[in-house]
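> Have a peek at target_36.txt (compact mmCIF, C-alpha atoms).
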# COMPACT_ATOMS: atom_id res chain seq x y z
CA MET A 800 0.00 0.00 0.00
CA ALA A 801 1.41 3.37 -0.95
CA THR A 802 2.01 5.63 2.02
CA ALA A 803 3.65 8.59 0.35
CA THR A 804 4.36 9.69 -3.18
CA THR A 805 6.92 12.10 -4.50
CA THR A 806 6.52 13.24 -8.07
CA GLN A 807 9.40 15.02 -9.71
CA THR A 808 10.05 15.94 -13.31
CA ASP A 809 12.23 12.95 -13.98
CA PHE A 810 10.83 10.19 -11.78
CA ASP A 811 7.92 9.11 -9.61
CA LEU A 812 8.89 7.80 -6.18
CA THR A 813 6.41 6.03 -3.92
CA ASP A 814 7.04 4.70 -0.41
CA THR A 815 5.34 1.31 -0.33
CA GLY A 816 6.02 0.80 3.36
CA GLY A 817 9.65 -0.16 3.66
CA THR A 818 10.69 0.01 0.02
CA TRP A 819 10.71 2.81 -2.51
CA HIS A 820 8.99 2.13 -5.83
CA CYS A 821 10.47 4.33 -8.55
CA VAL A 822 8.76 4.56 -11.93
CA LEU A 823 10.94 5.78 -14.76
CA ALA A 824 10.04 6.31 -18.40
CA GLY A 825 11.69 7.09 -21.73
CA ARG A 826 15.44 7.34 -22.22
CA LEU A 827 17.74 7.12 -19.21
CA ASP A 828 20.62 8.83 -20.96
CA THR A 829 23.77 10.37 -19.50
CA GLU A 830 22.35 13.84 -18.98
CA ARG A 831 19.16 12.63 -17.33
CA CYS A 832 20.90 10.12 -15.05
CA GLU A 833 23.30 12.82 -13.89
CA ARG A 834 20.27 14.94 -12.99
CA ILE A 835 18.41 12.27 -10.99
CA THR A 836 21.29 10.48 -9.25
CA GLU A 837 21.82 12.95 -6.41
CA PRO A 838 18.16 13.44 -5.39
CA LEU A 839 17.49 9.70 -5.54
CA LEU A 840 20.56 8.79 -3.51
CA SER A 841 19.67 11.42 -0.91
CA ARG A 842 16.25 9.82 -0.42
CA LEU A 843 17.79 6.36 -0.06
CA GLN A 844 20.40 7.52 2.43
CA GLU A 845 17.86 9.42 4.51
CA SER A 846 15.39 6.52 4.66
CA ASN A 847 17.77 3.53 4.50
CA GLN A 848 15.09 1.73 2.47
CA GLY A 849 15.58 -0.45 -0.59
CA ILE A 850 14.31 0.60 -3.99
CA THR A 851 12.57 -1.04 -6.94
CA PHE A 852 13.00 0.65 -10.31
CA ASP A 853 10.04 -0.03 -12.62
CA LEU A 854 11.46 0.12 -16.15
CA ALA A 855 8.29 -0.87 -18.06
CA GLU A 856 8.36 2.40 -20.01
CA VAL A 857 12.14 2.69 -20.35
CA SER A 858 13.55 2.15 -23.83
CA PHE A 859 17.23 2.95 -23.26
CA VAL A 860 19.79 3.13 -20.47
CA ALA A 861 23.28 4.62 -20.61
CA SER A 862 26.09 3.41 -18.36
CA SER A 863 25.18 6.31 -16.04
CA PHE A 864 22.11 4.35 -14.99
CA LEU A 865 24.30 1.36 -14.09
CA ARG A 866 26.44 3.78 -12.06
CA LEU A 867 23.27 5.00 -10.29
CA CYS A 868 22.31 1.39 -9.47
CA ILE A 869 25.82 0.67 -8.13
CA LEU A 870 25.71 3.75 -5.88
CA ALA A 871 22.17 2.86 -4.76
CA THR A 872 23.27 -0.68 -3.88
CA ARG A 873 26.21 0.67 -1.89
CA ALA A 874 23.76 2.90 0.00
CA VAL A 875 21.18 0.24 0.89
CA GLY A 876 23.02 -3.08 0.51
CA ASN A 877 23.16 -6.01 -1.91
CA GLY A 878 19.75 -7.37 -2.90
CA ASN A 879 17.93 -4.20 -1.87
CA VAL A 880 17.94 -2.65 -5.33
CA CYS A 881 15.63 -4.32 -7.85
CA LEU A 882 14.71 -3.73 -11.47
CA VAL A 883 11.29 -4.88 -12.70
CA ASN A 884 9.69 -4.99 -16.15
CA THR A 885 13.17 -4.82 -17.63
CA ALA A 886 13.59 -5.04 -21.42
CA PRO A 887 15.89 -7.84 -22.67
CA THR A 888 18.40 -5.33 -24.11
CA ILE A 889 18.68 -3.62 -20.72
CA LYS A 890 19.03 -6.98 -18.91
CA LYS A 891 21.88 -7.75 -21.27
CA VAL A 892 23.95 -4.68 -20.33
CA PHE A 893 23.51 -5.42 -16.62
CA LYS A 894 24.65 -9.00 -17.26
CA ILE A 895 27.72 -7.85 -19.24
CA ALA A 896 28.58 -5.52 -16.36
CA GLY A 897 28.25 -8.39 -13.86
CA LEU A 898 25.51 -6.56 -12.00
CA ASP A 899 22.80 -9.20 -12.43
CA GLY A 900 23.85 -10.77 -9.11
CA PRO A 901 23.95 -7.92 -6.61
CA ILE A 902 20.95 -6.27 -8.30
CA ARG A 903 17.77 -8.32 -8.71
CA ILE A 904 16.43 -8.05 -12.25
CA ASP A 905 13.02 -9.22 -13.44
CA MET B 693 24.81 12.38 -48.22
CA SER B 694 23.18 9.23 -49.58
CA SER B 695 20.05 7.64 -48.13
CA ASN B 696 22.09 4.91 -46.46
CA THR B 697 24.27 7.37 -44.57
CA LEU B 698 23.56 9.74 -41.67
CA GLU B 699 26.08 12.52 -41.06
CA LEU B 700 25.80 14.87 -38.09
CA THR B 701 28.05 17.50 -36.58
CA ALA B 702 27.50 18.44 -32.95
CA THR B 703 29.18 20.81 -30.55
CA SER B 704 31.03 19.20 -27.62
CA ARG B 705 28.19 19.54 -25.11
CA ILE B 706 26.32 16.69 -23.46
CA GLU B 707 23.01 18.46 -24.15
CA GLU B 708 23.49 17.66 -27.85
CA LEU B 709 22.93 13.95 -27.25
CA SER B 710 19.14 13.94 -27.12
CA ALA B 711 18.81 15.48 -30.60
CA ILE B 712 21.51 13.14 -31.94
CA ALA B 713 19.68 10.15 -30.47
CA GLU B 714 16.40 11.22 -32.08
CA GLN B 715 17.95 11.57 -35.53
CA THR B 716 19.82 8.30 -35.16
CA ALA B 717 16.68 6.45 -34.10
CA ALA B 718 14.76 7.80 -37.09
CA PHE B 719 17.56 6.77 -39.47
CA LEU B 720 17.77 3.26 -38.00
CA GLU B 721 13.99 2.84 -38.20
CA ARG B 722 14.00 3.81 -41.88
CA ALA B 723 16.90 1.39 -42.42
CA GLY B 724 14.91 -1.54 -40.97
CA CYS B 725 17.45 -2.10 -38.20
CA ILE B 726 16.46 -4.78 -35.66
CA PRO B 727 15.81 -3.61 -32.06
CA ASN B 728 18.90 -5.27 -30.53
CA THR B 729 21.17 -3.48 -32.99
CA VAL B 730 19.31 -0.19 -32.54
CA PHE B 731 20.02 -0.42 -28.81
CA ALA B 732 23.68 -1.37 -29.37
CA ILE B 733 24.30 1.53 -31.77
CA GLN B 734 22.52 4.02 -29.51
CA PHE B 735 24.51 2.76 -26.51
CA ALA B 736 27.85 3.05 -28.34
CA LEU B 737 27.02 6.52 -29.63
CA GLU B 738 25.94 7.72 -26.19
CA GLU B 739 29.03 6.39 -24.41
CA LEU B 740 31.59 7.45 -26.99
CA PHE B 741 30.10 10.95 -27.33
CA ALA B 742 29.85 11.41 -23.54
CA ASN B 743 33.43 10.21 -23.19
CA ILE B 744 34.66 12.78 -25.71
CA VAL B 745 32.73 15.59 -24.00
CA SER B 746 34.05 14.58 -20.56
CA TYR B 747 37.71 13.93 -21.35
CA ALA B 748 38.84 15.06 -24.81
CA PHE B 749 39.04 18.75 -23.98
CA VAL B 750 40.18 18.68 -20.34
CA GLY B 751 42.47 21.66 -19.67
CA ASP B 752 41.23 23.41 -22.78
CA ASP B 753 39.87 26.90 -22.05
CA ASP B 754 37.18 26.31 -24.66
CA ALA B 755 36.04 23.03 -23.09
CA GLY B 756 32.34 23.11 -22.30
CA SER B 757 31.74 26.22 -24.39
CA GLY B 758 30.75 24.13 -27.37
CA THR B 759 33.45 25.55 -29.63
CA HIS B 760 34.78 22.10 -30.48
CA SER B 761 32.81 19.94 -32.82
CA ILE B 762 32.27 16.20 -32.98
CA ALA B 763 31.51 14.58 -36.33
CA ILE B 764 29.24 11.55 -36.37
CA ARG B 765 28.67 9.26 -39.32
CA LEU B 766 26.41 6.21 -39.42
CA GLU B 767 26.43 4.14 -42.57
CA GLN B 768 24.38 1.12 -43.56
CA ASP B 769 25.70 -1.60 -45.87
CA PRO B 770 24.30 -5.05 -46.74
CA ALA B 771 25.92 -6.68 -43.70
CA GLY B 772 25.15 -4.09 -41.04
CA PHE B 773 26.12 -0.62 -39.82
CA THR B 774 29.30 1.35 -39.22
CA LEU B 775 29.38 4.18 -36.68
CA THR B 776 32.26 6.69 -36.77
CA LEU B 777 32.97 9.53 -34.34
CA GLU B 778 35.72 12.06 -34.95
CA ASP B 779 36.98 14.84 -32.65
CA ASP B 780 39.99 17.14 -32.38
CA GLY B 781 40.55 16.61 -28.66
CA THR B 782 43.37 15.00 -26.70
CA SER B 783 44.61 11.72 -28.11
CA PHE B 784 42.62 8.90 -26.51
CA ASP B 785 42.29 5.30 -27.63
CA PRO B 786 39.13 3.84 -26.04
CA LEU B 787 40.54 0.37 -26.64
CA SER B 788 43.35 1.16 -24.20
CA ALA B 789 40.96 1.93 -21.32
CA PRO B 790 41.36 -0.40 -18.31
CA VAL B 791 39.00 -3.36 -18.38
CA PRO B 792 36.77 -3.27 -15.28
CA ASP B 793 36.77 -6.38 -13.08
CA THR B 794 33.08 -7.30 -13.17
CA SER B 795 33.57 -10.08 -10.62
CA LEU B 796 34.48 -7.71 -7.77
CA PRO B 797 31.97 -7.10 -4.97
CA ILE B 798 29.95 -4.00 -5.72
CA ASP B 799 31.53 -1.90 -2.96
CA GLN B 800 35.02 -2.52 -4.36
CA ARG B 801 34.27 -1.67 -7.95
CA PRO B 802 35.56 1.43 -9.67
CA ILE B 803 32.59 3.55 -10.73
CA GLY B 804 33.87 4.38 -14.21
CA GLY B 805 34.83 2.31 -17.21
CA LEU B 806 31.63 0.34 -17.76
CA GLY B 807 30.40 2.35 -20.74
CA LEU B 808 33.36 1.63 -23.02
CA PHE B 809 33.57 -1.97 -21.76
CA ILE B 810 29.91 -2.66 -22.60
CA THR B 811 30.26 -0.85 -25.94
CA GLN B 812 33.06 -3.24 -26.90
CA ARG B 813 30.94 -6.23 -25.93
CA LEU B 814 27.88 -5.05 -27.89
CA ALA B 815 29.81 -4.19 -31.06
CA SER B 816 31.21 -6.58 -33.65
CA SER B 817 34.51 -4.66 -33.73
CA ILE B 818 36.03 -1.31 -32.76
CA GLN B 819 38.98 0.50 -34.32
CA TYR B 820 40.79 3.64 -33.21
CA ARG B 821 43.01 5.87 -35.32
CA ARG B 822 44.76 9.17 -34.60
CA THR B 823 45.21 11.12 -37.84
CA ASN B 824 45.99 14.79 -38.48
CA GLY B 825 45.42 15.72 -34.85
CA LYS B 826 42.03 14.00 -34.71
CA ASN B 827 40.68 10.95 -32.90
CA ARG B 828 38.59 8.65 -35.04
CA VAL B 829 36.68 5.72 -33.52
CA THR B 830 34.95 3.31 -35.88
CA VAL B 831 32.47 0.82 -34.49
CA ARG B 832 31.11 -2.02 -36.60
CA PHE B 833 27.78 -3.77 -36.03
CA ILE B 834 27.04 -6.87 -38.09
CA SER B 835 23.27 -7.12 -38.15
CA PRO B 836 20.44 -8.63 -40.18
CA ILE B 837 17.78 -6.29 -41.52
CA GLU B 838 14.22 -6.62 -40.27
CA GLU B 839 11.83 -7.93 -42.92
CA ALA B 840 9.29 -5.30 -44.00
Using the file provided, produce a representation of the structure as structure tokens.

Amino acid sequence: MATATTTQTDFDLTDTGGTWHCVLAGRLDTERCERITEPLLSRLQESNQGITFDLAEVSFVASSFLRLCILATRAVGNGNVCLVNTAPTIKKVFKIAGLDGPIRID
Amino acid sequence: MSSNTLELTATSRIEELSAIAEQTAAFLERAGCIPNTVFAIQFALEELFANIVSYAFVGDDDAGSGTHSIAIRLEQDPAGFTLTLEDDGTSFDPLSAPVPDTSLPIDQRPIGGLGLFITQRLASSIQYRRTNGKNRVTVRFISPIEEA
């Protein structure tokens, strides 16, 4: 059950009671990831909650998004960052980077 | 410029990438490029362009002002696509970049280096050449064409 929702220009963040649910859409390119990394990491560090990124509407990720996921995992611990509704092409880059273990990907 | 070639010139600013990506996507759609190859080409273009913007003009007073230009060429042939980026920045061979150890625990990993590493894994081949004071990176993608 959603308990709080934060809507910003680049992402929707909902507290589902212990875990953040973050809906992203479109292209997660270098410029955009640089813009969202700091505010997202601040929320994670303040709350010490895990996060699930919903990528159903995401068509592209740059390596900056992998960097964001690495920093998020460092902040909240292995297994506490998840990707859901992930396109096969995006799964492939996480696998090449060896991140399909510490980050759960569905 | 023929119909099987896309040529773009952009200033050395990261903000240029969204327009480049749009034009590239439209070209690849017209070319009947399959989705996996579209993603691979877009990824390579994004990472190589961002790398040039971040590192090629370090120490240059004009860096970030957009006075340097980056030439992009994407060409289709019967076997696939060839992407070429050319800039007049500091000599840098992306093939010489350290290979990240992807088996390390996440808290011991260097943050950088993944973009070029993944680009090399997604491409069929990559070549680098320094000629007349310019860096030229050529990335080859062997790819079938989607049936209409």
> May I ask you to extract the residues of chain B within 8 Å of chain A, using all atoms listed in the file, and to give them as an NGL selection string?
:B and (706-707 or 728 or 731 or 735 or 738-739 or 742 or 794-795 or 798-799 or 803-804 or 806-807 or 810 or 813)
> List the spatial neighbours of Thr776 (chain B) as a VMD selection string - criterion: any atom at most 10 Å away, all atoms listed in the file, same-chain residues fewer than 2 positions off excluded.
chain B and resid 699 737 740 763 to 767 774 778 818 to 820 828 to 832
> Any idea what's packed within 7 Å of Val822 (chain A), counting only C-alpha atoms, ignoring anything in its chain fewer than 3 positions away? Could you give it as an MDAnalysis selection string?
chainID A and resid 810:812 852:854
> Find the distance between CA of Gly816 (chain A) and CA of Thr851 (chain A) and write it in Å to one decimal.
12.3 Å
> Rounded to one decimal place, report the CA of Val745 (chain B)-CA of Leu827 (chain A) distance in Å.
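CA of Leu827 (chain A) lies 17.9 Å from CA of Val745 (chain B).
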> As an exercise, work out the distance from CA of Asn884 (chain A) to CA of Glu714 (chain B) in Å and give it to one decimal place.
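A separation of 23.7 Å between them.
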